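Scroll down for the structure; my scribbles are underneath it.
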Amino acid sequence: MRPLSAFFQKHMPPLAGILSPKEVPAPVTPVPPTAIKRRVPRTVMPVPVEEVLHIPCPDPTAEDSFRDKHLASAQFLVRQERWSDLIEAIKIADARRHMTPGTMPIADLLSFGARADVVHAAEHVLMDGKPPKGAPILAGIEALEHELVDHPNCYVMACIVAQAHMDIAWAWRGNGWDIEVPARNRAAFTAHFDRAADIMAEFCPQSLNSPLLAATGCALLGGIEKNKRQVADSYEALIDLNPANPRPMRAMGNHLLPRWYGSYPELELEARRTAARTEKIWGAGGYTWVQFDAISCDDQACANLDLDFFIEGLRDILTRKPDAYTANLLAAYCANSIGQSFSGNDQADLIRAQISECSQWIVREHLTELHPMIWAHAARGFDNNLRIHSPGRFAASGRDDAVRLISSLFSSEIASGKRIVFTETGPVAMEA
């Protein structure tokens with residue numbers, strides 16, 4: 001096999017130059033869009049919240065248990081070099097569209113578990129944005145490349161290796177504006193994405209009927225220039241392969257913002273098209289899923305929202321997925337991601353206020369237990385690239401946010417001397 005380092009030397013400066021970079025002049029930072037700020041909740045209770053709000057907080061949650069089980073299973077098989085068993089398990093999960101209760105595809109979880117050791121090692125080395133001198137930055141990915149050679153024409157192995165390249169690429173790049181990324185990091189980012197594109201070039205998601213393959217193709221959009229129509233088409237194909245999975249809808253909405261590959265009219269059009277195509281599964285929820293992340297990070301997208309259609313979608317989602325994970329996700333989104341944000345744009349802030357009010361009926365009609373991690377991620381805009389240094393403290397911050405915000409929804413009952421107890425059928429106000 002041609003050494004992987006030779007591929008990178010063709011696409012970027014020598015590794016030695018990257019590991020010992022020259023000084024790069026500080027770039028001029030562009031003016032970002034209007035900042036969306038977060039309010040500090042100011043709920044004042046007559047007694048400590050813990051005494052008046054009683055809500056189960058399972059640790060781990062059912063969703064966490066499912067995810068941890070499949071991630072650990074994949075890591076175990078890789079460490080035992082049982083690649084054939086892992087590939088077969090992924091193919092079955094992909095073909096049968098197996099998902100966790102929270103609609104996470106099992107094939108995606110197994111694929112991540114397969115590359116987790118390699119990706120986490122690279123992320124650790126790149127924690128400060130550049131690898132220390134002599135760090136074996138390519139060792140893990142080269143080992144995966146050898147497995148790719150040993151499994152020719154295997155779309156599952158191709159997805160694992162291509163996704164590993166993309167994960168490492170993002171570790172090199174970080175989340176800053178493009179102009180802020182050092183040239184050496186940008187070159188590494190591009191080289192890893194180019195290699196991922198080369199790996200995936202021979203596979204067609206539609207002919208293989210594979211959501212995993214289509215999802216890998218959509219992930220490639222983050223590093224390769226595409227025209228706008230190709231972006232929408234790629235996501236439409238993925239959504240059609242597994243319309244019960246809302247994650248591609250959310251990702252499509254984000255990528256159709258002007259800051260990425262789309263425009264506000266195209267975002268609205270694709271949200272409505274998705275709602276029409278997925279109506280049998282989600283009702284109006286397809287519109288809500290596509291707009292979900294877009295309006296939380298973009299003022300104009302929020303101002304343009306068809307609010308009635310969006311709220312109808314919230315209700316349809318919870319009618320069709322009345323589980324604890326979905327209830328926490330939508331409650332945290334409305335109360336925290338949207339409800340605690342403002343920008344000074346009158347129309348956008350009016351929309352946010354009305355979406356925030358939906359947390360009242362979501363919590364009262366659907367919430368039965370608390371998932372702190374969801375609330376913690378909601379407070380940070382569900383950033384997929386967020387680095388969590390202390391999961392315990394992160395979850396604790398989510399629990400504090402959730403308890404404070406949920407308590408504020410029952411302020412009148414609590415003020416009258418009652419305590420709120422969450423049962424299997426929802427919250428009940430009881431005499432203290």
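Lettering and numbering for the structure tokens are positional, with chains as A, B, ... in the shown order, residues counted from 1 in each chain, and ligands counted from 1 in the shown order.
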* List every residue of region 39-202 of chain A that DSSP, applied to the backbone, labels as helix (DSSP H, G or I), and write the result as a ChimeraX atom specification. => /A:49-52,62-79,83-96,106-125,139-150,155-173,178-180,183-200
* To do: Would you please work out which residue, of A:Thr319, A:Ser73, A:Ser111, A:Asn153, is nearest to Leu212 (chain A) when using only C-alpha atoms?
  =>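 Among A:Thr319, A:Ser73, A:Ser111, A:Asn153, it is A:Ser111 that comes nearest to Leu212 (chain A).
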* Looking at only C-alpha atoms, which of A:Asp308, A:Trp170, A:Glu431, A:Ala396 is the one that sits closest to Gln354 (chain A)? ->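 Nearest candidate to Gln354 (chain A) out of A:Asp308, A:Trp170, A:Glu431, A:Ala396: A:Asp308.
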* Within 12 Å of region 124-131 of chain A, counting only C-alpha atoms, which residues show up once you throw out same-chain ones fewer than 3 positions away? Write them as a ChimeraX atom specification, please. => /A:15-21,116-121,134-140,167-176,180-186,188-189,387-389
Hey, can you spit out that residue selection with N, CA and C atoms as a compact mmCIF listing (two decimals), in the first residue's frame?
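Saved the output as again-v8.txt:
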# COMPACT_ATOMS: atom_id res chain seq x y z
N LEU A 15 5.20 17.06 6.52
CA LEU A 15 4.77 16.95 7.91
C LEU A 15 5.72 17.65 8.86
N ALA A 16 7.00 17.60 8.55
CA ALA A 16 7.96 18.26 9.45
C ALA A 16 7.68 19.74 9.54
N GLY A 17 7.26 20.32 8.40
CA GLY A 17 6.92 21.74 8.41
C GLY A 17 5.67 22.03 9.19
N ILE A 18 4.74 21.06 9.19
CA ILE A 18 3.50 21.26 9.94
C ILE A 18 3.76 21.15 11.44
N LEU A 19 4.62 20.21 11.80
CA LEU A 19 4.89 20.01 13.22
C LEU A 19 5.73 21.13 13.81
N SER A 20 6.48 21.83 12.98
CA SER A 20 7.28 22.97 13.44
C SER A 20 6.97 24.16 12.54
N PRO A 21 5.78 24.68 12.60
CA PRO A 21 5.35 25.71 11.66
C PRO A 21 6.06 27.04 11.89
N ALA A 116 -13.35 5.18 17.08
CA ALA A 116 -13.24 6.05 18.26
C ALA A 116 -11.83 6.13 18.81
N ASP A 117 -11.15 5.00 18.94
CA ASP A 117 -9.79 5.03 19.51
C ASP A 117 -8.86 5.89 18.67
N VAL A 118 -8.95 5.76 17.35
CA VAL A 118 -8.09 6.53 16.45
C VAL A 118 -8.43 8.01 16.53
N VAL A 119 -9.70 8.34 16.49
CA VAL A 119 -10.12 9.74 16.49
C VAL A 119 -9.80 10.41 17.82
N HIS A 120 -10.09 9.73 18.93
CA HIS A 120 -9.82 10.33 20.24
C HIS A 120 -8.33 10.55 20.44
N ALA A 121 -7.51 9.64 19.95
CA ALA A 121 -6.06 9.82 20.07
C ALA A 121 -5.61 11.05 19.28
N GLY A 134 7.18 15.32 16.98
CA GLY A 134 7.40 13.88 17.07
C GLY A 134 6.15 13.07 17.35
N ALA A 135 5.00 13.73 17.48
CA ALA A 135 3.76 13.00 17.76
C ALA A 135 3.39 12.12 16.56
N PRO A 136 3.02 10.86 16.80
CA PRO A 136 2.65 9.95 15.69
C PRO A 136 1.23 10.23 15.21
N ILE A 137 1.04 11.39 14.62
CA ILE A 137 -0.31 11.85 14.29
C ILE A 137 -1.01 10.97 13.26
N LEU A 138 -0.23 10.29 12.40
CA LEU A 138 -0.84 9.48 11.34
C LEU A 138 -0.91 7.98 11.66
N ALA A 139 -0.38 7.58 12.81
CA ALA A 139 -0.28 6.14 13.11
C ALA A 139 -1.64 5.45 13.11
N GLY A 140 -2.61 6.04 13.80
CA GLY A 140 -3.91 5.39 13.90
C GLY A 140 -4.65 5.32 12.58
N ASP A 167 -13.26 13.23 10.80
CA ASP A 167 -13.18 13.59 12.23
C ASP A 167 -11.82 14.22 12.56
N ILE A 168 -10.77 13.64 12.03
CA ILE A 168 -9.42 14.16 12.28
C ILE A 168 -9.26 15.52 11.59
N ALA A 169 -9.86 15.65 10.41
CA ALA A 169 -9.80 16.94 9.71
C ALA A 169 -10.40 18.05 10.57
N TRP A 170 -11.55 17.78 11.18
CA TRP A 170 -12.18 18.80 12.03
C TRP A 170 -11.37 19.07 13.29
N ALA A 171 -10.66 18.04 13.78
CA ALA A 171 -9.77 18.26 14.93
C ALA A 171 -8.65 19.22 14.55
N TRP A 172 -8.15 19.11 13.33
CA TRP A 172 -7.13 20.04 12.84
C TRP A 172 -7.70 21.45 12.70
N ARG A 173 -8.90 21.54 12.16
CA ARG A 173 -9.43 22.86 11.81
C ARG A 173 -10.00 23.62 13.00
N GLY A 174 -10.73 22.92 13.88
CA GLY A 174 -11.43 23.62 14.95
C GLY A 174 -12.71 24.25 14.43
N ASN A 175 -13.32 25.11 15.25
CA ASN A 175 -14.63 25.67 14.91
C ASN A 175 -14.60 27.15 14.55
N GLY A 176 -13.40 27.73 14.42
CA GLY A 176 -13.31 29.16 14.16
C GLY A 176 -13.66 29.53 12.73
N GLU A 180 -9.47 32.55 10.40
CA GLU A 180 -8.73 32.42 11.65
C GLU A 180 -7.91 31.14 11.73
N VAL A 181 -8.14 30.20 10.83
CA VAL A 181 -7.47 28.91 10.89
C VAL A 181 -6.08 29.02 10.27
N PRO A 182 -5.02 28.63 10.99
CA PRO A 182 -3.66 28.70 10.43
C PRO A 182 -3.56 27.89 9.14
N ALA A 183 -2.68 28.34 8.24
CA ALA A 183 -2.55 27.70 6.93
C ALA A 183 -2.23 26.21 7.05
N ARG A 184 -1.35 25.86 8.01
CA ARG A 184 -0.97 24.45 8.15
C ARG A 184 -2.17 23.59 8.56
N ASN A 185 -3.02 24.13 9.43
CA ASN A 185 -4.21 23.38 9.87
C ASN A 185 -5.23 23.27 8.74
N ARG A 186 -5.39 24.34 7.99
CA ARG A 186 -6.32 24.31 6.87
C ARG A 186 -5.85 23.31 5.81
N ALA A 188 -4.08 20.58 6.38
CA ALA A 188 -4.34 19.24 6.91
C ALA A 188 -5.82 18.90 6.79
N PHE A 189 -6.67 19.87 7.09
CA PHE A 189 -8.12 19.69 6.96
C PHE A 189 -8.48 19.28 5.53
N ARG A 387 -16.15 20.40 22.77
CA ARG A 387 -15.25 19.54 23.53
C ARG A 387 -15.63 19.61 25.01
N ILE A 388 -15.96 18.47 25.57
CA ILE A 388 -16.38 18.41 26.97
C ILE A 388 -15.24 17.83 27.79
N HIS A 389 -14.64 18.63 28.65
CA HIS A 389 -13.50 18.18 29.44
C HIS A 389 -13.92 17.45 30.70
* To do: Just give me the gap between CA of Asp233 (chain A) and CA of Arg247 (chain A) in Å, one decimal is fine.
  =>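 Distance between the two atoms: 15.8 Å.
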* Report the distance between CA of Ile355 (chain A) and CA of Thr61 (chain A) in Å, rounded to one decimal place. => 26.4 Å
